[in-house]
Amino acid sequence: MNRGERDNNRAGVDERRRRFLDEGEEVAEPDLAAILADLERERRVECFVEDVREHGVRVAVLKFVQSSPSFTDDIVVMAENCILASLLALKPTSAKIDLIMWGIGFRAPNLSHQEVVRCAPKPSVCGLVWKNGDTAYKCRTCESDPTCAICVQCFSEGDHTGHDYRMISTGGGCCDCGDRAAWQESGFCRHHRGSSSDDPSTFLPPDIVPTSTATLRATARYLSLLLLKRKGCPAEFRTKSDPSVAAAQVVVGCLLGLCKEMGEGMGRLLSLALCHIPAQSCSPLKAILISDLDIPDELRSQIHTLLFHLLGDQYFKAEFARSLIGNYHQLVRRDMEIVAEENNGILGFSVQLFTVKGLSCEMVTTASLLEVLCGTTLEFIQKSLTTTSSTSERPSVSVKALSRIQSKYWRLFTDLHYVLQHVDCAQALLYQHPIALKDFINIISFFQGMNPQCRAVKEHVLFPSTDWIPAVNLESEFMTLLPLLISGISIPPKIAPVDASRLLCASLDSWLSALQHSQYRGYELITYTPLADPLTFHLPLHRFVAQFLRAMVMDFGVSVTEILDNCSPNFLLCFMHHPLKIQAALSQIRLGLWVRNGSGVQEQAQIYKTSPISWDYGYRLDLFIIQFVASLLPASHILSVFLQAFCCNTGEVIWCGFPQTNVELASGESLVPPGTTSGLDKAQCSGLVEDFLSFVVTVAVSERSLCGIVDPEFLIRRELLHFLAIANQTHSSLEKHLPATLSKNPHFDDILSSLSSFIEPKAMEPGHFVISSKCWDEYDAYFRHPTFLYSVKFNMYTVATQGLNLQKLMNGVPVS
């Protein structure tokens with residue numbers, strides 16, 4: 001590009017900027033003449049109109065207000081329009097600020113500024129706003145939920161003796177000291193004793209309330225006009241040098257200073273002003289919401305600080321939540337368009353709102369919170385769908401599409417988590433909001449069968465895909481909603497959870513039908529082809545159904561036939577097919593049959609078998625499905641299905657001592673004994689047989705955490721013992737490896753002490769726990785081992801010094 005072209009291009013940009021700013025100025029500023037015409041209709045303000053024409057707006061406003069004998073609602077509205085007209089007409093920013101400060105106290109000429117400030121009560125809620133990296137304290141004893149924290153000063157000024165607390169580095173947010181919805185009153189500091197239900201504006205001098213109301217309303221409207229002027233502004237024009245941006249920063253700073261100096265009373269008046277809806281316009285609060293991503297970061301941060309300060313007012317918190325929910329879909333859609341991973345948008349305020357139980361329940365009832373969250377999430381999930389399998393016409397989530405905006409979907413799932421962690425909200429989803437429930441189940445169904453993979457046979461995959469990483473993250477995040485939804489089942493269960501279970505089963509049946517599982521016919525011997533079929537570890541529909549089945553049947557005694565309309569062998573075998581295929585795939589992966597696919601498949605298997613989240617919401621539920629189906633069908637047929645899943649593919653079978661006779665398939669092919677067309681070596685054949693037998697023992701005897709053992713303390717002891725059997729462990733490592741449902745049990749430490757002894761730290765070696773010799777008799781060789789590929793490394797020193805029988809411990813456990 002030559003110099004002349006560059007100059008022309010620069011001139012074009014400057015012209016575009018000038019035209020945009022000019023157009024914005026025309027759109028943003030209301031017609032001053034129209035305001036004066038409205039005022040002229042009132043005889044009382046004839047003098048005001050003349051004063052505007054002769055002496056200017058500021059003098060006219062002062063004379064108009066001082067001449068009014070009393071402030072009725074009409075006078076307040078007229079005063080608001082007068083002040084707004086003044087703010088628009090005055091050019092210097094300093095003059096605008098003088099007018100705002102004058103308006104706060106101009107009805108009390110004999111009342112000094114210090115006296116006004118002295119009337120303001122001490123703040124009942126701290127609300128200190130943190131920057132990224134600031135230090136704060138969390139206290140499990142005082143907090144209402146894990147997102148709550150207080151500042152260092154409030155922690156020092158409070159009494160937390162004997163509490164379970166820790167210091168953290170914050171990523172933003174505000175101090176919760178004094179907020180009864182977030183913090184126990186006993187944990188408040190001596191300066192913040194909690195807000196009351198009284199209107200804090202009543203503590204302000206009565207003379208300044210009407211004029212302050214009019215002034216703050218006008219100022220809030222003026223701020224909204226400045227912000228809406230930036231709506232749709234090109235990114236290159238969102239600069240601090242923009243006059244409207246600079247003016248907005250000054251106005252926000254002025255409002256924040258007023259609230260800090262004059263306390264919660266002025267904060268209430270500002271809250272009312274922000275939520276006030278002028279005629280033929282939106283409220284200033286809505287203008288702040290919808291323009292949030294169109295303004296510079298510095299101004300956005302300043303506005304967020306003001307909002308944080310006002311959140312201590314319960315009235316504003318409720319109105320803010322209502323406005324955020326009303327604009328949630330629009331904000332999410334705009335957020336999805338932003339390229340940046342973290343844009344610090346206003347959606348981040350959901351943690352301050354949805355974690356409050358009373359507020360969330362109110363919004364569920366009055367603002368359709370569940371419908372908004374589920375409907376918005378479903379709509380944006382549907383934009384990322386693809387048909388991923390040649391055998392299915394039913395679409396599932398495209399991992400490539402979602403991985404690019406993974407942090408955006410994290411916000412949607414997190415907001416659902418915030419709301420459903422309240423049992424009353426979970427019950428409302430199950431019992432009272434069928435549309436939201438249907439959307440929720442549809443979201444689950446689109447994660448079903450995600451990221452399928454086919455086994456590479458002839459050549460290695462040169463560039464293995466990493467799509468499995470966001471797929472695992474997305475499902476893990478969403479599956480944490482499962483226990484929250486289950487907690488909404490009341491005692492005794494009503495018809496709604498049964499309907500929810502049937503909706504889940506209907507969605508699962510639709511997915512299975514799309515996969516064309518038509519080969520299941522009664523008790524006919526069907527053919528598994530585990531080495532040829534695509535493999536997926538993502539079966540959230542199966543696992544939600546499993547959890548509902550367990551809760552309804554085992555905990556509440558509901559009949560299976562009430563939940564499953566179709567209990568035929570056909571459906572049950574289809575139901576078990578994919579969880580069983582995963583168990584067989586674990587054996588194949590261990591034996592190196594998927595090695596040509598790269599390390600990704602092995603890592604997925606490792607996570608599936610060992611991760612606490614996957615164990616809680618994946619592996620354990622898959623085993624429960626298999627056990628559930630096995631309890632309803634003849635044992636001989638189940639054993640045949642297990643054998644096929646583990647030991648054969650098309651044209652190939654490992655016979656395990658069964659009669660070596662050909663079995664003819666529907667296609668005309670036959671299953672033949674090894675040695676004819678087998679592609680497996682002898683070691684692999686033996687390994688499949690060993691894993692098959694180990695799996696049968698696990699299903700029939702060993703794994704009883706969901707069907708039999710219901711005592712959580714027994715489960716904790718069992719988990720801890722088998723982790724200590726591998727190696728000595730620190731307290732933190734044991735907590736990390738156990739599911740959260742077990743590690744947070746109040747008896748965790750007592751159970752740990754009963755089966756181990758603690759070795760004090762030495763030099764650089766941390767303190768750790770060693771399993772007691774008397775506990776080795778409780779070791780189960782078929783337990784779900786924390787390390788995959790069965791490469792279990794026992795503490796050989798402990799075995800040798802305690803004189804334990806290593807052969808007894810490892811009996812039946814194949815060790816590589």
# chains A, B, ... in the order shown; residues from 1 in each chain; ligands from 1
$ residues_around --residues "Gln352 of chain A" --least-positions-apart "2" --cutoff "12 Å" --atoms "only C-alpha atoms" --output "NGL selection string"
:A and (127 or 145-149 or 172-176 or 179 or 181-182 or 307-312 or 314 or 317-318 or 320-321 or 324 or 346-350 or 354-357 or 359-360 or 415 or 418-419)
$ write_last_selection --atoms "N, CA and C atoms" --output "short mmCIF file (atom, residue, chain, number, x, y, z; two decimals), in the first residue's frame"
data_model
loop_
_atom_site.label_atom_id
_atom_site.label_comp_id
_atom_site.auth_asym_id
_atom_site.auth_seq_id
_atom_site.Cartn_x
_atom_site.Cartn_y
_atom_site.Cartn_z
N GLY A 127 -19.18 -5.14 51.74
CA GLY A 127 -19.24 -4.91 50.30
C GLY A 127 -17.95 -4.44 49.68
N ASP A 145 -22.49 -20.83 51.28
CA ASP A 145 -22.11 -21.67 50.15
C ASP A 145 -20.64 -21.43 49.85
N PRO A 146 -20.00 -22.30 49.05
CA PRO A 146 -18.55 -22.20 48.83
C PRO A 146 -18.09 -20.95 48.10
N THR A 147 -19.00 -20.14 47.58
CA THR A 147 -18.58 -18.94 46.86
C THR A 147 -18.41 -17.73 47.77
N CYS A 148 -18.75 -17.85 49.05
CA CYS A 148 -18.73 -16.72 49.98
C CYS A 148 -17.34 -16.52 50.57
N ALA A 149 -17.00 -15.26 50.87
CA ALA A 149 -15.71 -14.92 51.47
C ALA A 149 -15.82 -13.54 52.11
N GLY A 172 -11.74 -11.46 42.12
CA GLY A 172 -12.77 -10.42 42.06
C GLY A 172 -13.85 -10.71 43.08
N GLY A 173 -14.96 -9.99 42.98
CA GLY A 173 -16.06 -10.19 43.93
C GLY A 173 -16.03 -9.15 45.02
N CYS A 174 -16.82 -9.40 46.07
CA CYS A 174 -16.90 -8.43 47.17
C CYS A 174 -17.06 -9.16 48.49
N CYS A 175 -16.78 -8.45 49.57
CA CYS A 175 -16.84 -9.01 50.92
C CYS A 175 -18.29 -9.25 51.33
N ASP A 176 -18.57 -10.42 51.93
CA ASP A 176 -19.93 -10.79 52.31
C ASP A 176 -20.23 -10.52 53.78
N ASP A 179 -23.86 -9.69 55.33
CA ASP A 179 -24.93 -10.19 54.46
C ASP A 179 -25.46 -11.50 55.04
N ALA A 181 -27.70 -13.43 54.04
CA ALA A 181 -27.97 -14.48 53.05
C ALA A 181 -26.71 -15.24 52.67
N ALA A 182 -25.54 -14.68 52.98
CA ALA A 182 -24.28 -15.31 52.56
C ALA A 182 -23.41 -15.74 53.73
N LEU A 307 -22.08 -1.30 41.21
CA LEU A 307 -23.11 -2.33 41.39
C LEU A 307 -22.79 -3.22 42.60
N PHE A 308 -21.53 -3.58 42.76
CA PHE A 308 -21.13 -4.37 43.93
C PHE A 308 -21.49 -3.62 45.22
N HIS A 309 -21.25 -2.32 45.21
CA HIS A 309 -21.54 -1.52 46.40
C HIS A 309 -23.04 -1.51 46.72
N LEU A 310 -23.86 -1.51 45.67
CA LEU A 310 -25.31 -1.46 45.88
C LEU A 310 -25.92 -2.82 46.21
N LEU A 311 -25.18 -3.91 45.97
CA LEU A 311 -25.75 -5.24 46.20
C LEU A 311 -26.02 -5.53 47.67
N GLY A 312 -25.44 -4.74 48.57
CA GLY A 312 -25.78 -4.92 49.98
C GLY A 312 -27.21 -4.54 50.30
N GLN A 314 -30.91 -5.19 49.82
CA GLN A 314 -31.68 -6.35 49.40
C GLN A 314 -32.71 -5.98 48.32
N LYS A 317 -30.71 -5.85 45.13
CA LYS A 317 -30.27 -7.19 44.73
C LYS A 317 -31.41 -7.93 44.02
N ALA A 318 -32.63 -7.82 44.56
CA ALA A 318 -33.77 -8.49 43.93
C ALA A 318 -34.10 -7.88 42.57
N PHE A 320 -32.06 -6.19 40.62
CA PHE A 320 -30.94 -6.48 39.72
C PHE A 320 -31.07 -7.90 39.17
N ALA A 321 -31.41 -8.86 40.06
CA ALA A 321 -31.60 -10.25 39.61
C ALA A 321 -32.73 -10.34 38.60
N LEU A 324 -31.48 -8.89 35.33
CA LEU A 324 -30.49 -9.76 34.70
C LEU A 324 -31.15 -10.97 34.05
N ILE A 346 -20.95 -8.61 32.67
CA ILE A 346 -21.87 -8.47 33.79
C ILE A 346 -22.53 -9.80 34.16
N LEU A 347 -22.44 -10.81 33.30
CA LEU A 347 -22.98 -12.13 33.65
C LEU A 347 -22.27 -12.72 34.87
N GLY A 348 -21.06 -12.24 35.16
CA GLY A 348 -20.35 -12.72 36.33
C GLY A 348 -21.04 -12.40 37.63
N PHE A 349 -22.00 -11.47 37.61
CA PHE A 349 -22.74 -11.14 38.83
C PHE A 349 -23.70 -12.25 39.24
N SER A 350 -23.89 -13.25 38.39
CA SER A 350 -24.81 -14.33 38.75
C SER A 350 -24.40 -15.04 40.03
N PHE A 354 -27.56 -15.83 42.25
CA PHE A 354 -28.17 -17.16 42.20
C PHE A 354 -27.73 -18.06 43.35
N THR A 355 -26.65 -17.72 44.04
CA THR A 355 -26.23 -18.53 45.19
C THR A 355 -27.04 -18.21 46.45
N VAL A 356 -27.85 -17.16 46.40
CA VAL A 356 -28.70 -16.79 47.54
C VAL A 356 -30.00 -17.58 47.44
N LYS A 357 -30.24 -18.45 48.40
CA LYS A 357 -31.36 -19.38 48.32
C LYS A 357 -32.70 -18.67 48.19
N LEU A 359 -33.45 -15.64 47.30
CA LEU A 359 -33.58 -14.87 46.07
C LEU A 359 -33.79 -15.78 44.86
N SER A 360 -33.06 -16.89 44.80
CA SER A 360 -33.22 -17.82 43.68
C SER A 360 -34.62 -18.41 43.66
N ASP A 415 -24.21 -21.37 36.22
CA ASP A 415 -25.44 -20.71 36.69
C ASP A 415 -26.51 -21.75 37.03
N TYR A 418 -25.54 -23.10 40.39
CA TYR A 418 -25.87 -22.18 41.47
C TYR A 418 -27.33 -22.30 41.90
N VAL A 419 -28.22 -22.43 40.91
CA VAL A 419 -29.65 -22.45 41.21
C VAL A 419 -30.07 -23.81 41.75
#
$ residues_around --residues "segment 366-370 of chain A" --least-positions-apart "4" --cutoff "7 Å" --atoms "only C-alpha atoms" --output "list in words"
Arg322, Ile325, Glu362, Cys374 and Ala436 of chain A
$ closest_residue --among "A:Phe548, A:Phe571, A:Phe463, A:Phe642" --to "Ala584 of chain A" --atoms "only C-alpha atoms"
A:Phe642
$ select_by_dssp --residues "segment 276-375 of chain A" --states "alpha helix (DSSP H)" --output "ChimeraX atom specification"
/A:284-290,297-310,314-326,328-337,350-353,357-366,369-375
